[in-house]
Structure formats: structure tokens, C-alpha cells
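K.L.:
I'm passing along input_17.pdb; it holds PDB, C-alpha atoms.
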ATOM      1  CA  MET A 129     168.971 135.062 158.851
ATOM      2  CA  THR A 130     168.338 138.540 157.377
ATOM      3  CA  GLY A 131     169.275 137.203 153.936
ATOM      4  CA  ARG A 132     166.773 134.348 154.320
ATOM      5  CA  ARG A 133     163.970 136.748 155.330
ATOM      6  CA  THR A 134     164.755 138.966 152.356
ATOM      7  CA  LEU A 135     164.574 135.904 150.078
ATOM      8  CA  ILE A 136     161.209 134.867 151.518
ATOM      9  CA  ARG A 137     159.867 138.405 151.130
ATOM     10  CA  ALA A 138     161.136 138.568 147.546
ATOM     11  CA  GLY A 139     159.551 135.166 146.824
ATOM     12  CA  GLY A 140     156.228 136.317 148.283
ATOM     13  CA  PHE A 141     156.363 139.506 146.268
ATOM     14  CA  LEU A 142     157.038 137.588 143.036
ATOM     15  CA  LEU A 143     154.162 135.174 143.750
ATOM     16  CA  ALA A 144     151.815 138.098 144.384
ATOM     17  CA  LEU A 145     152.976 139.700 141.121
ATOM     18  CA  ALA A 146     152.412 136.441 139.202
ATOM     19  CA  ALA A 147     148.933 136.049 140.731
ATOM     20  CA  ALA A 148     148.046 139.620 139.826
ATOM     21  CA  ALA A 149     149.275 139.082 136.258
ATOM     22  CA  ALA A 150     147.284 135.836 135.949
ATOM     23  CA  ALA A 151     144.158 137.554 137.311
ATOM     24  CA  GLY A 152     144.665 140.358 134.813
ATOM     25  CA  GLU A 153     144.941 137.861 131.951
ATOM     26  CA  LEU A 154     141.723 136.163 133.044
ATOM     27  CA  GLU A 155     139.923 139.505 133.239
ATOM     28  CA  ASP A 156     141.174 140.278 129.705
ATOM     29  CA  ALA A 157     140.043 136.841 128.483
ATOM     30  CA  PHE A 158     136.631 137.428 130.072
ATOM     31  CA  GLU A 159     136.223 140.817 128.393
ATOM     32  CA  ALA A 160     137.490 139.466 125.063
ATOM     33  CA  LYS A 161     134.930 136.674 125.178
ATOM     34  CA  LEU A 162     132.124 139.161 125.690
ATOM     35  CA  GLU A 163     133.334 141.135 122.667
ATOM     36  CA  LYS A 164     132.639 138.153 120.388
ATOM     37  CA  ASP A 165     129.755 138.294 117.927
ATOM     38  CA  PHE A 166     127.592 135.791 119.806
ATOM     39  CA  ALA A 167     127.589 138.057 122.851
ATOM     40  CA  LYS A 168     126.844 141.174 120.843
ATOM     41  CA  ASN A 169     124.043 139.671 118.785
ATOM     42  CA  ALA A 170     121.779 138.980 121.761
ATOM     43  CA  GLU A 171     120.808 140.805 124.891
ATOM     44  CA  TRP A 172     122.756 138.694 127.384
ATOM     45  CA  THR A 173     123.330 139.439 131.000
ATOM     46  CA  THR A 174     126.312 138.125 132.934
ATOM     47  CA  ASP A 175     124.584 138.608 136.276
ATOM     48  CA  PHE A 176     122.822 135.415 137.393
ATOM     49  CA  ASP A 177     120.766 137.093 140.097
ATOM     50  CA  ALA A 178     119.616 139.768 137.647
ATOM     51  CA  ALA A 179     118.698 137.016 135.140
ATOM     52  CA  LYS A 180     116.571 135.262 137.792
ATOM     53  CA  ALA A 181     114.851 138.509 138.747
ATOM     54  CA  ARG A 182     114.059 139.308 135.111
ATOM     55  CA  ALA A 183     112.845 135.764 134.452
ATOM     56  CA  LYS A 184     110.492 136.052 137.417
ATOM     57  CA  GLU A 185     109.204 139.386 136.230
ATOM     58  CA  ALA A 186     108.700 138.240 132.635
ATOM     59  CA  GLY A 187     107.360 134.783 133.566
ATOM     60  CA  LYS A 188     109.904 133.203 131.213
ATOM     61  CA  PRO A 189     112.673 130.674 131.734
ATOM     62  CA  ILE A 190     116.354 131.566 131.641
ATOM     63  CA  PHE A 191     118.344 130.468 128.636
ATOM     64  CA  ALA A 192     121.820 130.028 130.092
ATOM     65  CA  TYR A 193     125.001 129.632 128.075
ATOM     66  CA  PHE A 194     128.044 128.419 129.979
ATOM     67  CA  THR A 195     131.339 128.930 128.281
ATOM     68  CA  ARG A 196     135.000 129.432 129.066
ATOM     69  CA  SER A 197     137.363 131.992 127.621
ATOM     70  CA  TYR A 198     138.939 129.253 125.455
ATOM     71  CA  SER A 199     135.798 127.312 124.545
ATOM     72  CA  PRO A 200     133.406 128.023 121.647
TER
ATOM     73  CA  MET B  49     115.911 135.743 129.631
ATOM     74  CA  PRO B  50     119.336 135.025 128.074
ATOM     75  CA  PHE B  51     122.176 134.655 130.575
ATOM     76  CA  VAL B  52     125.756 134.030 129.567
ATOM     77  CA  HIS B  53     128.254 132.768 132.071
ATOM     78  CA  VAL B  54     131.910 132.968 131.153
ATOM     79  CA  THR B  55     133.825 130.998 133.741
ATOM     80  CA  THR B  56     137.415 132.101 133.985
ATOM     81  CA  ARG B  57     138.294 131.417 137.620
ATOM     82  CA  ILE B  58     138.449 135.097 138.415
ATOM     83  CA  GLU B  59     138.642 135.454 142.160
ATOM     84  CA  GLU B  60     135.597 136.804 143.943
ATOM     85  CA  ARG B  61     133.432 136.524 140.842
ATOM     86  CA  GLU B  62     130.077 135.175 141.954
ATOM     87  CA  HIS B  63     128.656 131.843 140.756
ATOM     88  CA  GLU B  64     131.976 130.712 139.275
ATOM     89  CA  ASP B  65     131.011 127.055 139.814
ATOM     90  CA  LEU B  66     127.414 127.508 138.727
ATOM     91  CA  LEU B  67     127.539 124.951 135.913
ATOM     92  CA  PHE B  68     128.974 122.313 138.248
ATOM     93  CA  ASP B  69     126.392 123.225 140.901
ATOM     94  CA  LYS B  70     123.735 122.535 138.280
ATOM     95  CA  GLY B  71     125.184 119.107 137.516
ATOM     96  CA  GLY B  72     126.945 120.138 134.306
ATOM     97  CA  SER B  73     130.568 119.525 133.459
ATOM     98  CA  GLU B  74     131.192 120.327 129.795
ATOM     99  CA  PHE B  75     131.970 123.639 128.148
ATOM    100  CA  PRO B  76     130.174 125.000 126.295
ATOM    101  CA  SER B  77     126.818 124.028 127.794
ATOM    102  CA  PHE B  78     123.306 125.339 127.416
ATOM    103  CA  LEU B  79     120.831 125.018 130.261
ATOM    104  CA  VAL B  80     117.239 126.160 130.487
ATOM    105  CA  LEU B  81     116.568 127.316 134.048
ATOM    106  CA  ASP B  82     113.442 128.479 135.800
ATOM    107  CA  ALA B  83     113.213 131.811 137.603
ATOM    108  CA  GLU B  84     114.541 130.167 140.771
ATOM    109  CA  GLY B  85     117.572 128.905 138.878
ATOM    110  CA  GLU B  86     116.476 125.256 138.845
ATOM    111  CA  VAL B  87     117.319 123.219 135.735
ATOM    112  CA  LEU B  88     114.418 122.725 133.321
ATOM    113  CA  ALA B  89     116.424 121.219 130.466
ATOM    114  CA  ARG B  90     119.941 120.575 129.221
ATOM    115  CA  LEU B  91     121.265 120.973 125.720
ATOM    116  CA  ARG B  92     124.430 119.299 124.585
ATOM    117  CA  ALA B  93     126.917 120.423 121.914
ATOM    118  CA  PRO B  94     127.002 120.513 118.941
ATOM    119  CA  PHE B  95     124.235 123.104 119.122
ATOM    120  CA  ARG B  96     121.906 123.004 116.155
ATOM    121  CA  VAL B  97     118.868 125.171 115.434
ATOM    122  CA  LYS B  98     116.667 122.082 115.404
ATOM    123  CA  ALA B  99     117.924 121.096 118.873
ATOM    124  CA  PHE B 100     117.108 124.583 120.216
ATOM    125  CA  GLU B 101     113.628 124.471 118.707
ATOM    126  CA  ASP B 102     113.150 121.007 120.114
ATOM    127  CA  VAL B 103     114.208 121.938 123.648
ATOM    128  CA  VAL B 104     111.951 125.013 123.674
ATOM    129  CA  ARG B 105     109.009 122.871 122.544
ATOM    130  CA  ARG B 106     109.738 120.200 125.139
ATOM    131  CA  VAL B 107     110.124 122.709 127.983
ATOM    132  CA  ARG B 108     106.823 124.356 127.032
ATOM    133  CA  ASP B 109     105.169 120.933 126.939
ATOM    134  CA  TYR B 110     106.641 120.037 130.329
ATOM    135  CA  LEU B 111     105.549 123.308 131.955
ATOM    136  CA  ALA B 112     102.015 122.956 130.572
ATOM    137  CA  ARG B 113     101.749 119.370 131.786
ATOM    138  CA  ALA B 114     103.229 120.203 135.182
ATOM    139  CA  ALA B 115     100.692 123.010 135.619
ATOM    140  CA  ALA B 116      97.796 120.755 134.622
ATOM    141  CA  ALA B 117      98.772 117.568 136.514
ATOM    142  CA  LYS B 118      96.811 116.965 139.684
ATOM    143  CA  PRO B 119      98.827 115.517 142.584
ATOM    144  CA  ASP B 120      96.490 112.502 142.875
ATOM    145  CA  ASP B 121      96.640 111.750 139.134
ATOM    146  CA  LEU B 122      99.326 109.077 139.383
ATOM    147  CA  ALA B 123      99.471 108.386 135.635
ATOM    148  CA  ALA B 124     100.159 112.078 134.984
ATOM    149  CA  GLN B 125     102.770 112.132 137.762
ATOM    150  CA  ILE B 126     104.534 109.116 136.190
ATOM    151  CA  ASP B 127     104.583 110.879 132.800
ATOM    152  CA  LEU B 128     105.951 114.027 134.431
ATOM    153  CA  ALA B 129     108.714 112.138 136.256
ATOM    154  CA  ILE B 130     109.799 110.444 132.995
ATOM    155  CA  LEU B 131     109.706 113.793 131.206
ATOM    156  CA  ARG B 132     111.865 115.359 133.918
ATOM    157  CA  CYS B 133     114.465 112.652 133.397
ATOM    158  CA  ASP B 134     114.229 113.058 129.622
ATOM    159  CA  LEU B 135     114.919 116.796 129.956
ATOM    160  CA  GLY B 136     117.886 116.220 132.243
ATOM    161  CA  GLN B 137     116.284 117.651 135.392
ATOM    162  CA  ILE B 138     116.884 114.402 137.267
ATOM    163  CA  GLY B 139     119.081 111.365 136.706
ATOM    164  CA  TYR B 140     117.849 107.838 136.067
ATOM    165  CA  ASP B 141     118.356 106.746 139.698
ATOM    166  CA  GLU B 142     116.246 109.668 140.894
ATOM    167  CA  LEU B 143     113.616 108.750 138.329
ATOM    168  CA  GLU B 144     113.383 105.213 139.684
ATOM    169  CA  GLU B 145     112.991 106.600 143.209
ATOM    170  CA  ALA B 146     110.311 109.034 142.079
ATOM    171  CA  LEU B 147     108.362 106.291 140.316
ATOM    172  CA  GLU B 148     108.407 103.825 143.195
ATOM    173  CA  PRO B 149     105.419 105.231 145.127
ATOM    174  CA  LEU B 150     103.430 106.008 141.977
ATOM    175  CA  GLY B 151     102.198 102.493 141.286
ATOM    176  CA  GLU B 152     101.739 100.553 138.067
ATOM    177  CA  ARG B 153     102.750 101.869 134.693
ATOM    178  CA  THR B 154     101.236 101.436 131.269
ATOM    179  CA  GLU B 155     103.157  99.635 128.520
ATOM    180  CA  ALA B 156     103.946 103.001 126.890
ATOM    181  CA  GLN B 157     105.318 104.310 130.199
ATOM    182  CA  GLU B 158     107.405 101.143 130.621
ATOM    183  CA  ALA B 159     108.878 101.673 127.139
ATOM    184  CA  ALA B 160     109.623 105.320 127.974
ATOM    185  CA  LEU B 161     111.296 104.185 131.201
ATOM    186  CA  ARG B 162     113.438 101.672 129.290
ATOM    187  CA  ALA B 163     114.438 104.493 126.932
ATOM    188  CA  GLN B 164     115.600 106.567 129.923
ATOM    189  CA  ARG B 165     117.563 103.576 131.240
ATOM    190  CA  ALA B 166     119.178 103.209 127.823
ATOM    191  CA  ASN B 167     119.984 106.955 127.674
ATOM    192  CA  ALA B 168     121.716 106.755 131.057
ATOM    193  CA  ALA B 169     123.635 103.588 130.123
ATOM    194  CA  VAL B 170     124.767 105.028 126.786
ATOM    195  CA  GLU B 171     126.025 108.211 128.458
ATOM    196  CA  GLU B 172     127.946 106.156 130.993
ATOM    197  CA  MET B 173     129.472 104.099 128.186
ATOM    198  CA  ARG B 174     130.293 107.260 126.217
ATOM    199  CA  LEU B 175     132.421 108.462 129.140
ATOM    200  CA  LEU B 176     134.063 105.055 129.384
ATOM    201  CA  LEU B 177     134.930 105.157 125.687
ATOM    202  CA  GLN B 178     136.381 108.653 126.062
ATOM    203  CA  ARG B 179     138.526 107.711 129.025
ATOM    204  CA  SER B 180     139.572 104.150 128.324
ATOM    205  CA  ARG B 181     142.576 103.425 126.156
ATOM    206  CA  GLU B 182     142.243  99.689 126.542
ATOM    207  CA  GLU B 183     141.818  97.646 123.427
ATOM    208  CA  GLY B 184     138.505  95.856 123.420
ATOM    209  CA  THR B 185     136.577  98.575 125.269
ATOM    210  CA  ARG B 186     134.590  99.436 122.151
ATOM    211  CA  SER B 187     133.502  95.845 121.513
ATOM    212  CA  MET B 188     132.686  95.418 125.229
ATOM    213  CA  VAL B 189     130.495  98.525 125.046
ATOM    214  CA  ALA B 190     128.859  97.192 121.869
ATOM    215  CA  GLU B 191     127.993  94.010 123.764
ATOM    216  CA  GLU B 192     126.491  96.092 126.580
ATOM    217  CA  PHE B 193     124.352  97.853 124.004
ATOM    218  CA  PHE B 194     123.295  94.528 122.548
ATOM    219  CA  ALA B 195     122.140  93.442 126.014
ATOM    220  CA  LEU B 196     120.070  96.641 126.224
ATOM    221  CA  TYR B 197     118.702  95.966 122.758
ATOM    222  CA  GLU B 198     117.642  92.454 123.703
ATOM    223  CA  ASP B 199     115.925  93.945 126.721
ATOM    224  CA  GLY B 200     113.967  96.318 124.484
ATOM    225  CA  ALA B 201     115.817  99.361 125.841
ATOM    226  CA  PHE B 202     116.373 101.832 122.992
ATOM    227  CA  PRO B 203     117.693 105.322 123.807
ATOM    228  CA  SER B 204     115.595 108.352 122.953
ATOM    229  CA  ALA B 205     118.165 111.145 123.387
ATOM    230  CA  PRO B 206     119.575 112.230 119.984
ATOM    231  CA  ASP B 207     123.266 111.798 120.872
ATOM    232  CA  SER B 208     122.652 108.539 122.692
ATOM    233  CA  ARG B 209     120.799 107.152 119.685
ATOM    234  CA  LYS B 210     123.724 107.899 117.378
ATOM    235  CA  LEU B 211     126.300 106.123 119.533
ATOM    236  CA  TYR B 212     124.004 103.230 120.438
ATOM    237  CA  TRP B 213     123.018 102.297 116.886
ATOM    238  CA  VAL B 214     126.524 102.673 115.442
ATOM    239  CA  LEU B 215     128.066 100.426 118.083
ATOM    240  CA  LEU B 216     125.203  97.994 117.747
ATOM    241  CA  ALA B 217     125.834  98.003 113.984
ATOM    242  CA  GLU B 218     129.474  97.135 114.655
ATOM    243  CA  HIS B 219     128.289  94.286 116.866
ATOM    244  CA  ALA B 220     125.832  93.085 114.204
ATOM    245  CA  LEU B 221     128.538  93.199 111.542
ATOM    246  CA  GLY B 222     130.898  91.200 113.761
ATOM    247  CA  GLN B 223     128.155  88.634 114.364
ATOM    248  CA  GLU B 224     127.140  88.705 110.676
ATOM    249  CA  ASP B 225     123.593  89.396 111.805
ATOM    250  CA  ALA B 226     122.061  90.973 108.684
ATOM    251  CA  ASP B 227     118.613  91.501 110.263
ATOM    252  CA  LEU B 228     120.042  93.458 113.180
ATOM    253  CA  LEU B 229     122.393  95.380 110.895
ATOM    254  CA  ARG B 230     119.450  96.305 108.643
ATOM    255  CA  ARG B 231     117.621  97.768 111.595
ATOM    256  CA  CYS B 232     120.759  99.574 112.800
ATOM    257  CA  VAL B 233     121.366 101.132 109.379
ATOM    258  CA  GLY B 234     117.772 102.402 109.332
ATOM    259  CA  GLU B 235     118.137 103.827 112.841
ATOM    260  CA  ILE B 236     121.521 105.439 112.042
ATOM    261  CA  GLY B 237     119.870 107.158 109.068
ATOM    262  CA  ALA B 238     116.955 108.315 111.226
ATOM    263  CA  ALA B 239     119.239 109.537 114.037
ATOM    264  CA  HIS B 240     121.235 111.628 111.553
ATOM    265  CA  ALA B 241     118.277 112.887 109.517
ATOM    266  CA  GLY B 242     118.813 116.445 108.259
ATOM    267  CA  GLU B 243     122.582 116.297 108.831
ATOM    268  CA  PRO B 244     124.341 116.515 105.443
ATOM    269  CA  GLU B 245     127.718 115.971 107.144
ATOM    270  CA  ALA B 246     126.569 112.505 108.257
ATOM    271  CA  GLU B 247     125.703 111.309 104.743
ATOM    272  CA  ALA B 248     129.053 109.559 104.309
ATOM    273  CA  LEU B 249     128.555 107.670 107.588
ATOM    274  CA  VAL B 250     125.069 106.518 106.587
ATOM    275  CA  GLN B 251     126.284 105.461 103.139
ATOM    276  CA  GLU B 252     129.225 103.613 104.658
ATOM    277  CA  TRP B 253     126.883 101.553 106.813
ATOM    278  CA  GLN B 254     124.522 101.011 103.916
ATOM    279  CA  SER B 255     127.336  99.533 101.842
ATOM    280  CA  LYS B 256     128.450  97.332 104.759
ATOM    281  CA  LEU B 257     124.892  96.027 104.957
ATOM    282  CA  THR B 258     124.820  95.393 101.214
ATOM    283  CA  GLY B 259     128.116  93.511 101.545
ATOM    284  CA  LEU B 260     126.789  91.357 104.387
ATOM    285  CA  GLU B 261     123.552  90.620 102.532
ATOM    286  CA  LYS B 262     125.524  89.668  99.436
ATOM    287  CA  LYS B 263     127.754  87.406 101.489
ATOM    288  CA  GLY B 264     124.663  85.760 103.016
ATOM    289  CA  SER B 265     123.118  85.038  99.637
ATOM    290  CA  GLU B 266     126.240  83.381  98.232
TER
END
Go ahead and render the structure in this file as C-alpha cells.
P.N.:
Amino acid sequence: MTGRRTLIRAGGFLLALAAAAAAGELEDAFEAKLEKDFAKNAEWTTDFDAAKARAKEAGKPIFAYFTRSYSP
Amino acid sequence: MPFVHVTTRIEEREHEDLLFDKGGSEFPSFLVLDAEGEVLARLRAPFRVKAFEDVVRRVRDYLARAAAAKPDDLAAQIDLAILRCDLGQIGYDELEEALEPLGERTEAQEAALRAQRANAAVEEMRLLLQRSREEGTRSMVAEEFFALYEDGAFPSAPDSRKLYWVLLAEHALGQEDADLLRRCVGEIGAAHAGEPEAEALVQEWQSKLTGLEKKGSE
């Protein structure tokens, strides 16, 4: 019984480690995407609520680009 | 206001499904949104400078018309509803619903409505072509397009026009209909105007037309 519990705990720990690693990779992919030229050559914001507030203030529409870490 | 949204499924990041919430599904996507976050226009890849200029012009035109249209001016409301569909704010079904209480339409508005119906049908068929591996799907889609053509429904969206006229050209070639193929070749050229990379495609269809005309004169 103790052996089984230890196995379950170890499994849970490994899953948590894998999830943390995957989250870290996604964060890295996100940051890497924002380092690309297209992101540097314009004054983008990644905050949707801030974009809406600024659009309201400026009386201009939002030009929104939706991309993924792996897409162009 | 430029806003870039990199979706990476990072937990607890806000608005991760924003594109899907706005009715989009493809990456990358460009949307023009108003200050409340509502969709004003959609732009599909490949992104060209001309397409950006065009969408900016059309959004400006829409906003000016929307500001000027009086609620009791039904003709203006019909134009606005069609424009909203054309920009991708609403789908074709929603357009039909919006038009129902607005009364009779002019011939020009009817033609614009048929164009929206054709745009919606072509997009549906595009997805079918992407997903289906069955032999014969392409010719079935070409026949669907021919039915639209006979009904006077010609798409207005740039991408829809390209697919529609090429498949219709395939149909015309199969039917040895030189008149239809002539029109298709002209429309393919017009749909790809200013795209040097499409020259080979246009020339290919031009030579197929020449071949069919030659065959007809023998």
C-alpha cells in the first residue's frame, strides 16, 4: 500500500514537472515571437484591455494581429 | 491602435480564446475592431499591402455611412447591412435576417446580396475542398459554382473570386463551353491583377482557352 502511494506521489510530481516545463516552453515561445522584427517595427500592445482603452481615447479602431508562436 | 495577440495556451493569460470569440479560426489573422472590441472587418492571409489599404478604406467608408444613416432610411440601412456582411461583421444568415424587416431592395442591392450569398457559398466549399479527400469533390464543387453562376451570383471577396472563377473555368473546359471559359479567363486575370506570381496561372488558362477555341473552329 505504501509502495503504491509512493508511486502515485512520484507520478503526480512528474506530471507537475512536465506541466511546468511545458508552460516554460510556451512562455519562451511567446517571448521569442515578440522579439521578431514585425513586433519591433510597430508599437504593438499585447494587452487587449489597454488596446480598447487607447482606441477609445484616440477615436481610432484597433488593428489586431492574431498569431501563434509557430505561425507567421 | 495596433494590438498583437500571440496565443500560446499559457495558463491564466487573459483573452487566450479571443480570436475564436470573435468568430475567427485561422492563424495568422488580422481583425479590425472598434473600441469596444467588436469586429469591424476581417483580413485573410496572404496579407498584401493592397489588401490592408483596401480594408482601411472600406472600414472608413462603413463608419462614415453608419454615422450618416438615419434609422428610418431603409435603403441606407439595407446598404449598411450588406456592407457589414461584406466586411465580415456578420454572416450571410444574419444578413438575411437583418434585411427581412427592411423592405424592398433595388436591383443593385439584389446583386450585392447575391454576391454575399456567393461569398458565403464559396467559403463553405473552400472548407469542403480542404477537408474532403474524396475523388470528385472538386468537380462537384465546380458544379455548385456553375449553379451560382446561372443564378447570377458572383462572389465579390478577393479570395472567393479566385477560387470561384478557376473552378468554373474547369467546369467550362470540361463542358467545352468556350464562351463561359472566355469569361472565366478574363475574371481570373482580373482577380489576380497586380500579382506577378499568378502570371503563370493566368497564362495557363489563356492557353487552355486558345486550345478550346481552336478545337471549336476545326
K.L.:
Could you list, as JSON, numbers by chain, every residue within 9 Å of stretch 231-240 of chain B, counting all atoms listed in the file and ignoring same-chain residues fewer than 2 positions away?
P.N.:
{"B": [206, 207, 209, 210, 211, 213, 214, 216, 217, 220, 226, 227, 228, 229, 242, 243, 244, 245, 246, 247, 249, 250, 251, 253, 254, 257]}
K.L.:
What would the selection look like, as a ChimeraX atom specification, if the ChimeraX specification (/A :<12) & /B were run on the coordinates I just shared?
P.N.:
/B:49-68,70,72-95,100,103-104,107-108,111
K.L.:
On this structure, the PyMOL selection byres ((chain B and resi 159) around 12) would catch which residues? List them as a tab-separated table (two decimals) with C-alpha atoms, in the frame of the given file, sorted by chain and number.
P.N.:
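Dumped everything to selection24.tsv:
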chain	number	residue	atom	x	y	z
B	127	ASP	CA	104.58	110.88	132.80
B	130	ILE	CA	109.80	110.44	133.00
B	153	ARG	CA	102.75	101.87	134.69
B	154	THR	CA	101.24	101.44	131.27
B	155	GLU	CA	103.16	99.64	128.52
B	156	ALA	CA	103.95	103.00	126.89
B	157	GLN	CA	105.32	104.31	130.20
B	158	GLU	CA	107.40	101.14	130.62
B	160	ALA	CA	109.62	105.32	127.97
B	161	LEU	CA	111.30	104.18	131.20
B	162	ARG	CA	113.44	101.67	129.29
B	163	ALA	CA	114.44	104.49	126.93
B	164	GLN	CA	115.60	106.57	129.92
B	165	ARG	CA	117.56	103.58	131.24
B	166	ALA	CA	119.18	103.21	127.82
B	199	ASP	CA	115.92	93.94	126.72
B	200	GLY	CA	113.97	96.32	124.48
B	201	ALA	CA	115.82	99.36	125.84
B	202	PHE	CA	116.37	101.83	122.99
B	203	PRO	CA	117.69	105.32	123.81
B	204	SER	CA	115.60	108.35	122.95
K.L.:
Near B:Arg186, within 12 Å and counting only C-alpha atoms, which residues show up once chain neighbours fewer than 6 positions away are dropped, as a PyMOL selection string?
P.N.:
chain B and resi 173-180+192-193+211-212+214-216+218-219
K.L.:
How many Å lie between atom CA of B:Leu150 and atom CA of B:Ile126, rounded to one decimal?
P.N.:
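Taking atom CA of B:Leu150 as the start and atom CA of B:Ile126 as the end point, the length is 6.7 Å.
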K.L.:
State, in Å with one decimal place, the distance from atom CA of B:Lys263 to atom CA of B:Ala190.
P.N.:
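Between atom CA of B:Lys263 and atom CA of B:Ala190 the gap is 22.6 Å.
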K.L.:
Just the number, please: distance in Å from atom CA of B:Ala117 to atom CA of B:Tyr140, one decimal.
P.N.:
21.4 Å
K.L.:
Would you mind writing stretch 175-193 of chain A with N, CA, C and O atoms, as a CSV table (one decimal), in the frame of the given file?
P.N.:
chain,number,residue,atom,x,y,z
A,175,ASP,N,124.9,138.6,134.8
A,175,ASP,CA,124.6,138.6,136.3
A,175,ASP,C,123.5,137.6,136.5
A,175,ASP,O,122.3,137.8,136.1
A,176,PHE,N,123.8,136.5,137.2
A,176,PHE,CA,122.8,135.4,137.4
A,176,PHE,C,121.6,135.9,138.2
A,176,PHE,O,120.5,135.5,137.9
A,177,ASP,N,121.9,136.6,139.2
A,177,ASP,CA,120.8,137.1,140.1
A,177,ASP,C,119.8,138.0,139.3
A,177,ASP,O,118.6,137.9,139.5
A,178,ALA,N,120.4,138.9,138.5
A,178,ALA,CA,119.6,139.8,137.6
A,178,ALA,C,118.8,138.9,136.6
A,178,ALA,O,117.6,139.3,136.4
A,179,ALA,N,119.4,137.9,136.1
A,179,ALA,CA,118.7,137.0,135.1
A,179,ALA,C,117.5,136.4,135.8
A,179,ALA,O,116.4,136.3,135.2
A,180,LYS,N,117.7,135.9,137.1
A,180,LYS,CA,116.6,135.3,137.8
A,180,LYS,C,115.5,136.3,138.1
A,180,LYS,O,114.3,136.0,137.9
A,181,ALA,N,115.9,137.5,138.5
A,181,ALA,CA,114.9,138.5,138.7
A,181,ALA,C,114.1,138.8,137.5
A,181,ALA,O,112.8,139.0,137.5
A,182,ARG,N,114.8,139.0,136.4
A,182,ARG,CA,114.1,139.3,135.1
A,182,ARG,C,113.2,138.2,134.6
A,182,ARG,O,112.1,138.4,134.0
A,183,ALA,N,113.6,136.9,134.8
A,183,ALA,CA,112.8,135.8,134.5
A,183,ALA,C,111.5,135.7,135.3
A,183,ALA,O,110.5,135.4,134.7
A,184,LYS,N,111.7,136.0,136.5
A,184,LYS,CA,110.5,136.1,137.4
A,184,LYS,C,109.5,137.1,137.0
A,184,LYS,O,108.3,136.9,136.9
A,185,GLU,N,110.0,138.3,136.7
A,185,GLU,CA,109.2,139.4,136.2
A,185,GLU,C,108.5,139.1,134.9
A,185,GLU,O,107.3,139.4,134.7
A,186,ALA,N,109.3,138.5,134.0
A,186,ALA,CA,108.7,138.2,132.6
A,186,ALA,C,107.9,136.9,132.6
A,186,ALA,O,107.2,136.7,131.6
A,187,GLY,N,108.0,136.1,133.6
A,187,GLY,CA,107.4,134.8,133.6
A,187,GLY,C,107.9,133.9,132.5
A,187,GLY,O,107.2,133.1,131.9
A,188,LYS,N,109.2,134.0,132.2
A,188,LYS,CA,109.9,133.2,131.2
A,188,LYS,C,111.1,132.5,131.8
A,188,LYS,O,111.7,133.0,132.8
A,189,PRO,N,111.5,131.3,131.2
A,189,PRO,CA,112.7,130.7,131.7
A,189,PRO,C,114.0,131.4,131.3
A,189,PRO,O,113.9,132.3,130.5
A,190,ILE,N,115.0,131.0,132.0
A,190,ILE,CA,116.4,131.6,131.6
A,190,ILE,C,117.0,130.6,130.6
A,190,ILE,O,117.0,129.4,130.8
A,191,PHE,N,117.6,131.2,129.6
A,191,PHE,CA,118.3,130.5,128.6
A,191,PHE,C,119.8,130.7,128.9
A,191,PHE,O,120.3,131.8,128.7
A,192,ALA,N,120.5,129.8,129.6
A,192,ALA,CA,121.8,130.0,130.1
A,192,ALA,C,122.9,129.4,129.3
A,192,ALA,O,122.8,128.1,129.0
A,193,TYR,N,123.9,130.1,128.9
A,193,TYR,CA,125.0,129.6,128.1
A,193,TYR,C,126.2,129.7,128.9
A,193,TYR,O,126.6,130.7,129.4
